[in-house]
file input-v5.csv (CSV, C-alpha atoms)
chain,number,residue,atom,x,y,z
A,1,MET,CA,69.1,97.6,134.9
A,2,ILE,CA,69.4,97.1,131.1
A,3,SER,CA,70.0,100.2,129.1
A,4,GLN,CA,67.6,100.9,126.3
A,5,ASP,CA,70.2,102.8,124.3
A,6,THR,CA,71.2,101.3,121.0
A,7,VAL,CA,74.9,100.4,120.9
A,8,ILE,CA,77.0,99.0,118.1
A,9,THR,CA,78.3,95.7,119.1
A,10,GLU,CA,81.9,94.9,118.5
A,11,PRO,CA,82.2,92.1,116.0
A,12,ARG,CA,83.5,88.7,117.0
A,13,LEU,CA,86.9,88.5,115.3
A,14,ALA,CA,87.9,85.3,113.7
A,15,THR,CA,90.7,83.6,115.5
A,16,PRO,CA,94.1,83.1,113.7
A,17,GLN,CA,93.4,79.3,113.7
A,18,HIS,CA,90.0,79.9,112.0
A,19,ARG,CA,91.6,82.1,109.3
A,20,ILE,CA,94.6,79.8,108.7
A,21,ALA,CA,92.1,77.0,108.2
A,22,ALA,CA,90.2,79.1,105.7
A,23,ALA,CA,93.4,79.9,103.9
A,24,LEU,CA,94.2,76.2,103.8
A,25,VAL,CA,90.8,75.4,102.4
A,26,ASP,CA,91.3,78.0,99.7
A,27,LEU,CA,94.7,76.5,98.9
A,28,GLY,CA,93.4,73.0,98.8
A,29,PHE,CA,90.3,74.0,96.7
A,30,SER,CA,92.6,75.8,94.3
A,31,PHE,CA,94.8,72.8,94.0
A,32,VAL,CA,92.0,70.4,93.4
A,33,THR,CA,90.3,72.5,90.8
A,34,LEU,CA,93.6,73.6,89.2
A,35,GLY,CA,92.9,77.1,90.2
A,36,ILE,CA,89.9,77.4,87.8
A,37,GLY,CA,87.1,76.5,90.2
A,38,ALA,CA,88.6,78.5,93.0
A,39,PHE,CA,89.0,81.5,90.7
A,40,VAL,CA,85.4,81.4,89.5
A,41,TRP,CA,84.0,80.9,92.9
A,42,SER,CA,86.2,83.7,94.3
A,43,MET,CA,84.9,86.1,91.7
A,44,VAL,CA,81.4,85.4,93.0
A,45,VAL,CA,81.9,85.4,96.7
A,46,TRP,CA,84.3,88.3,96.8
A,47,ALA,CA,81.2,90.5,96.4
A,48,GLN,CA,80.1,89.2,99.8
A,49,GLY,CA,83.4,89.8,101.5
A,50,GLN,CA,84.4,86.2,101.4
A,51,THR,CA,86.6,83.7,99.7
A,52,PRO,CA,85.6,80.0,99.2
A,53,GLY,CA,87.4,79.0,102.3
A,54,LYS,CA,86.0,81.8,104.4
A,55,LYS,CA,82.5,81.0,103.1
A,56,LEU,CA,82.8,77.4,104.1
A,57,LEU,CA,84.1,78.2,107.5
A,58,LYS,CA,81.7,81.1,108.0
A,59,ILE,CA,84.0,84.0,108.4
A,60,ARG,CA,83.8,87.3,106.5
A,61,VAL,CA,85.9,90.3,105.7
A,62,LEU,CA,84.5,93.6,106.9
A,63,ASP,CA,85.4,97.2,106.5
A,64,ALA,CA,87.3,98.2,109.6
A,65,ASN,CA,85.4,101.4,110.0
A,66,THR,CA,81.8,100.7,109.0
A,67,HIS,CA,81.8,96.9,109.8
A,68,MET,CA,80.0,96.4,106.6
A,69,PRO,CA,81.1,93.5,104.4
A,70,ALA,CA,83.9,94.3,102.1
A,71,ASN,CA,82.8,94.8,98.5
A,72,TRP,CA,84.3,93.1,95.5
A,73,LEU,CA,86.8,95.9,94.8
A,74,ARG,CA,88.1,95.8,98.3
A,75,MET,CA,88.4,92.1,98.2
A,76,PHE,CA,90.2,92.4,94.9
A,77,ILE,CA,92.7,94.8,96.4
A,78,ARG,CA,93.0,92.7,99.6
A,79,GLN,CA,93.2,89.3,98.0
A,80,GLY,CA,94.8,90.2,94.6
A,81,LEU,CA,96.7,93.4,94.3
A,82,ILE,CA,98.4,93.6,97.7
A,83,PRO,CA,99.7,90.0,97.7
A,84,ALA,CA,100.8,90.5,94.1
A,85,ALA,CA,102.6,93.7,95.1
A,86,PHE,CA,104.4,91.8,97.9
A,87,ASN,CA,105.7,89.2,95.4
A,88,ILE,CA,106.1,91.0,92.1
A,89,PHE,CA,109.6,92.5,92.7
A,90,TRP,CA,111.3,89.2,93.1
A,91,TYR,CA,109.0,87.3,90.9
A,92,LEU,CA,109.2,89.7,87.9
A,93,PRO,CA,113.0,89.2,87.3
A,94,THR,CA,112.4,85.4,87.6
A,95,ILE,CA,109.6,85.5,85.0
A,96,ILE,CA,111.8,87.5,82.6
A,97,ASN,CA,114.6,85.0,83.0
A,98,ARG,CA,112.4,82.1,82.4
A,99,ALA,CA,110.7,83.8,79.4
A,100,THR,CA,114.0,84.5,77.8
A,101,GLY,CA,115.1,80.9,78.4
A,102,SER,CA,118.2,81.7,80.4
A,103,TYR,CA,119.3,82.0,84.0
A,104,GLY,CA,122.4,84.0,83.2
A,105,PHE,CA,122.6,86.3,86.3
A,106,SER,CA,125.6,88.4,87.1
A,107,THR,CA,126.7,88.4,90.7
A,108,LEU,CA,125.2,91.8,91.3
A,109,GLY,CA,121.9,90.8,89.8
A,110,ALA,CA,121.7,87.6,91.8
A,111,ILE,CA,122.4,89.5,95.0
A,112,CYS,CA,119.7,92.1,94.2
A,113,LEU,CA,117.2,89.3,93.5
A,114,VAL,CA,117.9,87.7,96.8
A,115,ILE,CA,117.4,91.0,98.5
A,116,CYS,CA,114.1,91.4,96.7
A,117,PHE,CA,113.1,88.0,97.9
A,118,LEU,CA,114.1,88.7,101.5
A,119,ILE,CA,112.0,91.9,101.4
A,120,SER,CA,109.1,89.9,100.1
A,121,ALA,CA,109.6,87.3,102.8
A,122,GLY,CA,109.7,90.1,105.3
A,123,PHE,CA,106.3,91.3,104.2
A,124,TRP,CA,104.8,87.9,104.6
A,125,ILE,CA,106.5,87.2,107.9
A,126,THR,CA,105.2,90.6,109.2
A,127,ASP,CA,101.8,89.7,107.8
A,128,PHE,CA,101.7,86.4,109.7
A,129,VAL,CA,103.1,87.8,113.0
A,130,TRP,CA,100.5,90.5,113.0
A,131,LEU,CA,97.8,88.0,112.6
A,132,LEU,CA,98.8,86.4,115.8
A,133,MET,CA,98.9,89.7,117.7
A,134,LYS,CA,96.1,91.5,119.4
A,135,GLY,CA,93.2,92.4,117.0
A,136,HIS,CA,94.3,89.6,114.6
A,137,ARG,CA,94.8,92.0,111.8
A,138,ARG,CA,97.3,91.0,109.1
A,139,LEU,CA,99.4,93.6,107.2
A,140,VAL,CA,97.0,93.2,104.3
A,141,ASP,CA,94.1,94.0,106.6
A,142,TYR,CA,95.7,97.3,107.6
A,143,LEU,CA,96.6,98.2,104.0
A,144,ALA,CA,93.0,97.3,102.9
A,145,ASN,CA,91.5,98.6,106.1
A,146,THR,CA,89.6,95.4,106.9
A,147,ILE,CA,88.9,93.1,109.7
A,148,VAL,CA,87.8,89.4,109.6
A,149,VAL,CA,85.0,88.3,111.7
A,150,ASN,CA,83.5,85.0,112.7
A,151,GLU,CA,79.8,84.6,111.7
A,152,ALA,CA,79.4,81.0,112.8
A,153,THR,CA,76.7,80.5,115.5
A,154,ASN,CA,77.9,79.1,118.8
B,1,MET,CA,100.6,105.4,143.3
B,2,GLU,CA,97.1,103.9,143.3
B,3,ASN,CA,95.6,107.4,142.6
B,4,GLU,CA,97.7,107.6,139.5
B,5,HIS,CA,96.2,104.4,138.2
B,6,ASN,CA,92.8,105.6,138.9
B,7,PHE,CA,93.4,108.8,137.0
B,8,ILE,CA,94.6,106.9,134.0
B,9,ASP,CA,91.7,104.5,134.1
B,10,GLN,CA,89.3,107.4,134.1
B,11,GLN,CA,90.5,108.9,130.9
B,12,GLU,CA,88.9,108.2,127.6
B,13,TYR,CA,91.9,106.3,126.6
B,14,GLU,CA,92.2,104.6,123.3
B,15,PRO,CA,95.4,102.7,122.8
B,16,VAL,CA,97.2,103.7,119.6
B,17,ASP,CA,97.6,100.8,117.3
B,18,PHE,CA,101.2,101.2,116.1
B,19,ARG,CA,100.6,98.7,113.3
B,20,LYS,CA,98.1,101.1,111.7
B,21,LYS,CA,100.7,103.8,111.6
B,22,ILE,CA,103.5,101.7,110.2
B,23,SER,CA,101.7,99.5,107.8
B,24,TRP,CA,101.8,101.9,104.9
B,25,LYS,CA,105.3,103.0,105.8
B,26,ILE,CA,106.4,99.3,105.6
B,27,ALA,CA,104.6,98.9,102.3
B,28,VAL,CA,106.0,102.0,100.7
B,29,ALA,CA,109.5,101.5,102.0
B,30,GLY,CA,109.5,97.8,101.0
B,31,ALA,CA,108.1,98.6,97.6
B,32,ALA,CA,110.6,101.3,96.9
B,33,LEU,CA,113.6,99.2,97.9
B,34,SER,CA,112.2,96.2,96.0
B,35,LEU,CA,111.7,98.4,92.9
B,36,ILE,CA,115.3,99.5,93.0
B,37,PHE,CA,116.8,96.1,93.5
B,38,SER,CA,114.4,94.5,91.0
B,39,ALA,CA,115.4,97.1,88.4
B,40,VAL,CA,119.1,96.4,89.1
B,41,THR,CA,118.5,92.7,88.8
B,42,ILE,CA,116.7,93.1,85.5
B,43,GLY,CA,119.2,95.6,84.2
B,44,THR,CA,122.2,93.5,85.1
B,45,TYR,CA,120.5,90.4,83.7
B,46,PHE,CA,120.0,92.0,80.2
B,47,SER,CA,123.5,93.4,80.2
B,48,HIS,CA,124.9,90.0,81.1
B,49,ARG,CA,122.8,88.3,78.5
B,50,SER,CA,123.8,90.7,75.8
B,51,GLU,CA,127.5,90.1,76.6
B,52,GLN,CA,126.9,86.3,76.5
B,53,GLN,CA,125.2,86.5,73.1
B,54,SER,CA,128.0,88.6,71.7
B,55,ALA,CA,130.6,86.2,73.0
B,56,GLU,CA,128.7,83.1,71.6
B,57,ALA,CA,128.2,84.7,68.2
B,58,ALA,CA,131.8,85.7,68.0
B,59,SER,CA,132.9,82.2,68.7
B,60,VAL,CA,130.6,80.9,66.0
B,61,PHE,CA,131.8,83.3,63.3
B,62,GLY,CA,135.4,83.4,64.5
B,63,THR,CA,135.4,87.1,64.6
B,64,ASP,CA,135.7,89.6,67.3
B,65,SER,CA,132.6,91.3,68.6
B,66,SER,CA,133.1,94.5,66.8
B,67,ALA,CA,133.3,92.8,63.4
B,68,LEU,CA,130.3,90.8,64.4
B,69,GLY,CA,128.4,93.9,65.0
B,70,GLY,CA,128.9,94.8,61.3
B,71,LEU,CA,127.6,91.5,60.2
B,72,THR,CA,124.5,91.3,62.3
B,73,THR,CA,123.4,94.9,62.2
B,74,ASP,CA,123.0,97.5,59.6
B,75,ASP,CA,124.2,100.4,61.7
B,76,THR,CA,125.6,102.9,59.1
B,77,SER,CA,125.8,105.8,61.5
B,78,TRP,CA,129.6,105.6,61.2
B,79,VAL,CA,129.6,106.1,57.4
B,80,PRO,CA,131.1,109.5,56.4
B,81,ALA,CA,129.2,111.9,54.3
B,82,GLY,CA,129.4,111.1,50.5
B,83,TYR,CA,130.1,107.4,51.1
B,84,THR,CA,127.6,104.5,50.6
B,85,ALA,CA,127.6,101.5,52.9
B,86,TRP,CA,128.2,98.3,51.0
B,87,SER,CA,125.0,96.3,50.9
B,88,ASN,CA,126.5,93.0,52.0
B,89,ASP,CA,128.8,94.5,54.7
B,90,SER,CA,127.7,97.7,56.4
B,91,THR,CA,131.1,98.0,58.0
B,92,VAL,CA,132.6,99.0,54.6
B,93,ALA,CA,131.6,102.1,52.6
B,94,TRP,CA,132.7,103.4,49.3
B,95,LYS,CA,132.3,106.2,46.7
B,96,TRP,CA,133.4,106.9,43.2
B,97,ALA,CA,136.5,109.0,43.0
B,98,GLN,CA,138.2,111.2,40.4
B,99,GLY,CA,141.6,110.2,39.1
B,100,SER,CA,143.8,109.8,36.1
B,101,CYS,CA,144.1,106.5,34.4
B,102,SER,CA,147.6,105.1,34.0
B,103,GLU,CA,147.1,102.9,30.9
B,104,TYR,CA,143.6,101.9,30.1
B,105,THR,CA,140.2,103.5,30.6
B,106,CYS,CA,139.5,103.2,34.2
B,107,ASN,CA,137.4,104.1,37.2
B,108,HIS,CA,138.5,105.1,40.7
B,109,ALA,CA,136.7,104.4,43.9
B,110,THR,CA,137.6,105.3,47.5
B,111,PHE,CA,136.9,102.8,50.3
B,112,ILE,CA,136.7,103.1,54.0
B,113,SER,CA,136.2,100.4,56.7
B,114,GLU,CA,134.8,101.0,60.1
B,115,ASN,CA,136.8,98.3,61.8
B,116,GLY,CA,139.7,97.8,59.3
B,117,CYS,CA,140.6,94.5,57.7
B,118,SER,CA,143.7,92.4,57.0
B,119,ASN,CA,142.5,91.5,53.5
B,120,PHE,CA,140.7,93.9,51.2
B,121,TYR,CA,139.3,93.0,47.8
B,122,ALA,CA,137.0,95.0,45.5
B,123,ALA,CA,135.8,94.4,41.9
B,124,VAL,CA,134.0,96.6,39.4
B,125,ASN,CA,132.0,95.4,36.4
B,126,PHE,CA,132.4,97.3,33.2
B,127,LEU,CA,129.3,97.7,31.0
B,128,ASP,CA,128.8,98.6,27.4
B,129,ALA,CA,126.2,101.1,26.1
B,130,SER,CA,123.4,98.6,26.3
B,131,GLY,CA,124.2,97.8,29.9
B,132,SER,CA,125.7,94.4,29.3
B,133,VAL,CA,128.7,93.4,31.4
B,134,ILE,CA,131.7,93.2,29.2
B,135,GLY,CA,134.5,92.8,31.7
B,136,TYR,CA,135.6,93.6,35.2
B,137,GLY,CA,138.5,95.1,37.0
B,138,ASN,CA,139.6,94.3,40.5
B,139,ALA,CA,142.0,95.6,43.2
B,140,THR,CA,143.3,94.3,46.5
B,141,LEU,CA,145.0,95.6,49.6
B,142,PRO,CA,147.0,93.6,52.1
B,143,SER,CA,145.4,95.6,54.9
B,144,LEU,CA,143.2,98.6,55.6
B,145,GLN,CA,143.2,100.3,59.0
B,146,PRO,CA,139.9,101.2,60.8
B,147,MET,CA,138.5,104.4,59.2
B,148,GLN,CA,141.5,104.6,56.8
B,149,THR,CA,140.6,105.6,53.3
B,150,ALA,CA,141.9,103.8,50.2
B,151,THR,CA,141.5,105.0,46.6
B,152,LEU,CA,141.9,102.2,44.1
B,153,GLU,CA,142.0,102.2,40.3
B,154,PHE,CA,140.0,99.7,38.3
B,155,ASP,CA,141.2,99.3,34.7
B,156,ASP,CA,139.1,98.3,31.8
B,157,THR,CA,141.7,96.5,29.7
B,158,SER,CA,139.2,96.3,26.7
B,159,ASP,CA,139.0,100.1,26.6
B,160,SER,CA,135.4,99.7,25.4
B,161,SER,CA,133.2,100.1,28.5
B,162,LYS,CA,130.8,103.0,28.9
B,163,THR,CA,129.8,102.6,32.5
B,164,ALA,CA,131.0,100.7,35.6
B,165,GLU,CA,129.3,99.4,38.6
B,166,MET,CA,130.7,98.2,41.9
B,167,SER,CA,130.2,94.4,42.1
B,168,GLN,CA,132.1,93.1,45.0
B,169,ILE,CA,133.7,94.3,48.2
B,170,ASN,CA,135.3,92.0,50.7
B,171,CYS,CA,136.9,93.2,53.9
B,172,TYR,CA,138.0,90.5,56.3
call {"tool": "encode", "arguments": {"input": "input-v5.csv", "output": "structure tokens"}}
result
Amino acid sequence: MISQDTVITEPRLATPQHRIAAALVDLGFSFVTLGIGAFVWSMVVWAQGQTPGKKLLKIRVLDANTHMPANWLRMFIRQGLIPAAFNIFWYLPTIINRATGSYGFSTLGAICLVICFLISAGFWITDFVWLLMKGHRRLVDYLANTIVVNEATN
Amino acid sequence: MENEHNFIDQQEYEPVDFRKKISWKIAVAGAALSLIFSAVTIGTYFSHRSEQQSAEAASVFGTDSSALGGLTTDDTSWVPAGYTAWSNDSTVAWKWAQGSCSEYTCNHATFISENGCSNFYAAVNFLDASGSVIGYGNATLPSLQPMQTATLEFDDTSDSSKTAEMSQINCY
């Protein structure tokens, strides 16, 4: 007997391979267009909860609670602010050094910079490992409260 | 044993996702640590860079860093009240002083140096009533200690000047 009650179906999550492929497409597209084309397209498709790679591979970022497509702001946080926050602490001292035309670190400064880099690397390793675990939610997905689903027809 | 399993299976059991709990803790702890270490990195970098620049500049000018500070900055906070920092060397200050002339008409001036010097030279131009320079007087010292005062006499051997102006101070 088939129930007549309406139920919310669980979304079909994108597999890690699918998401890695989308990320590689984003990277490749960004490389080919010198970042410009990827940036412009991203600004457009973020409003639909996608990136260029995700759009090509038919996967989409959804709000983890409502299962509605992530809006532009959520995508900006997920794709821009959080990754920037992961990197800024080791990248900022490097930028300052380059801008001032010198690499004159003291020993303490160099040690602290390496620690910053390791913390950043820890973020990204955690992010990747969590992608492979049950639910396939990266660290950025938890921080942005998102999931990524596969919308490709079988 | 089997009953226990059945009991658990019958509960409305939703596994707690530990990642949900710790994701923000990881982010906040990581950001806090990174902020501290990044600040230390930047701070030590600028400190190190400042020392390097001082050392490089000192080697160019052949002076120690304290004397260099006087050449490259106009910090006159050290100048005692009543004194005026010399325009070409803010590590030296001076003021007119009262005193009795030994032989000719004269002027007295008191000098002070922030860092001292092994050779001190000062010269005063003497002017007539129209403001024209009609002569000069000078004085030297073999040394002047840091923050030590020296009052020197500048003689107008022509005995005809009406005013005087400080024209040169060298402290090196």
call {"tool": "closest_atom_pairs", "arguments": {"input": "input-v5.csv", "of": "chain B", "to": "chain A", "cutoff": "12 Å", "atoms": "all atoms listed in the file", "output": "Markdown table"}}
result
| residue | atom | partner | partner_atom | distance |
| --- | --- | --- | --- | --- |
| B:Pro15 | CA | A:Lys134 | CA | 11.7 |
| B:Asp17 | CA | A:Gly135 | CA | 9.5 |
| B:Phe18 | CA | A:Tyr142 | CA | 10.8 |
| B:Arg19 | CA | A:Tyr142 | CA | 7.6 |
| B:Lys20 | CA | A:Tyr142 | CA | 6.1 |
| B:Lys21 | CA | A:Tyr142 | CA | 9.1 |
| B:Ile22 | CA | A:Tyr142 | CA | 9.3 |
| B:Ser23 | CA | A:Leu139 | CA | 6.4 |
| B:Trp24 | CA | A:Leu143 | CA | 6.4 |
| B:Lys25 | CA | A:Leu143 | CA | 10.1 |
| B:Ile26 | CA | A:Phe123 | CA | 8.1 |
| B:Ala27 | CA | A:Phe123 | CA | 8.0 |
| B:Val28 | CA | A:Ala85 | CA | 10.6 |
| B:Ala29 | CA | A:Ile119 | CA | 9.9 |
| B:Gly30 | CA | A:Ile119 | CA | 6.4 |
| B:Ala31 | CA | A:Phe86 | CA | 7.7 |
| B:Ala32 | CA | A:Phe89 | CA | 9.8 |
| B:Leu33 | CA | A:Cys116 | CA | 7.9 |
| B:Ser34 | CA | A:Cys116 | CA | 5.2 |
| B:Leu35 | CA | A:Phe89 | CA | 6.3 |
| B:Ile36 | CA | A:Cys112 | CA | 8.7 |
| B:Phe37 | CA | A:Cys112 | CA | 5.0 |
| B:Ser38 | CA | A:Phe89 | CA | 5.5 |
| B:Ala39 | CA | A:Pro93 | CA | 8.3 |
| B:Val40 | CA | A:Gly109 | CA | 6.3 |
| B:Thr41 | CA | A:Gly109 | CA | 4.0 |
| B:Ile42 | CA | A:Pro93 | CA | 5.7 |
| B:Gly43 | CA | A:Gly109 | CA | 7.9 |
| B:Thr44 | CA | A:Gly109 | CA | 5.4 |
| B:Tyr45 | CA | A:Phe105 | CA | 5.3 |
| B:Phe46 | CA | A:Phe105 | CA | 8.7 |
| B:Ser47 | CA | A:Ser106 | CA | 8.8 |
| B:His48 | CA | A:Ser106 | CA | 6.2 |
| B:Arg49 | CA | A:Gly104 | CA | 6.4 |
| B:Ser50 | CA | A:Gly104 | CA | 10.1 |
| B:Glu51 | CA | A:Gly104 | CA | 10.3 |
| B:Gln52 | CA | A:Gly104 | CA | 8.4 |
| B:Gln53 | CA | A:Gly104 | CA | 10.8 |
call {"tool": "closest_residue", "arguments": {"input": "input-v5.csv", "among": "B:Cys117, B:Leu127, B:Ile134, B:Ala93", "to": "Gln168 (chain B)", "atoms": "only C-alpha atoms"}}
result
B:Ala93
call {"tool": "atom_distance", "arguments": {"input": "input-v5.csv", "atom1": "CA of Ala14 (chain A)", "atom2": "CA of Val148 (chain A)"}}
result
5.8 Å
call {"tool": "residues_around", "arguments": {"input": "input-v5.csv", "residues": "Gln17 (chain A)", "least_positions_apart": "2", "cutoff": "12 Å", "atoms": "all atoms listed in the file", "output": "PDB file with C-alpha atoms, in the coordinates of the input"}}
result
ATOM      1  CA  LEU A  13      86.900  88.500 115.300  1.00  0.00           C
ATOM      2  CA  ALA A  14      87.900  85.300 113.700  1.00  0.00           C
ATOM      3  CA  THR A  15      90.700  83.600 115.500  1.00  0.00           C
ATOM      4  CA  ARG A  19      91.600  82.100 109.300  1.00  0.00           C
ATOM      5  CA  ILE A  20      94.600  79.800 108.700  1.00  0.00           C
ATOM      6  CA  ALA A  21      92.100  77.000 108.200  1.00  0.00           C
ATOM      7  CA  ALA A  22      90.200  79.100 105.700  1.00  0.00           C
ATOM      8  CA  ALA A  23      93.400  79.900 103.900  1.00  0.00           C
ATOM      9  CA  LEU A  24      94.200  76.200 103.800  1.00  0.00           C
ATOM     10  CA  LEU A  57      84.100  78.200 107.500  1.00  0.00           C
ATOM     11  CA  ILE A  59      84.000  84.000 108.400  1.00  0.00           C
ATOM     12  CA  PHE A 128     101.700  86.400 109.700  1.00  0.00           C
ATOM     13  CA  LEU A 131      97.800  88.000 112.600  1.00  0.00           C
ATOM     14  CA  LEU A 132      98.800  86.400 115.800  1.00  0.00           C
ATOM     15  CA  HIS A 136      94.300  89.600 114.600  1.00  0.00           C
ATOM     16  CA  ASN A 150      83.500  85.000 112.700  1.00  0.00           C
TER      17      ASN A 150
END
call {"tool": "residues_around", "arguments": {"input": "input-v5.csv", "residues": "region 32-40 of chain A", "least_positions_apart": "6", "cutoff": "9 Å", "atoms": "only C-alpha atoms", "output": "VMD selection string"}}
result
chain A and resid 26 51 to 52
call {"tool": "atom_distance", "arguments": {"input": "input-v5.csv", "atom1": "CA of Cys171 (chain B)", "atom2": "CA of Pro146 (chain B)"}}
result
11.0 Å
call {"tool": "closest_residue", "arguments": {"input": "input-v5.csv", "among": "A:His67, A:Thr146, A:Val25, A:Gln79", "to": "Lys54 (chain A)", "atoms": "all atoms listed in the file"}}
result
A:Val25
call {"tool": "atom_distance", "arguments": {"input": "input-v5.csv", "atom1": "CA of Ser113 (chain B)", "atom2": "CA of Gly137 (chain B)"}}
result
20.5 Å
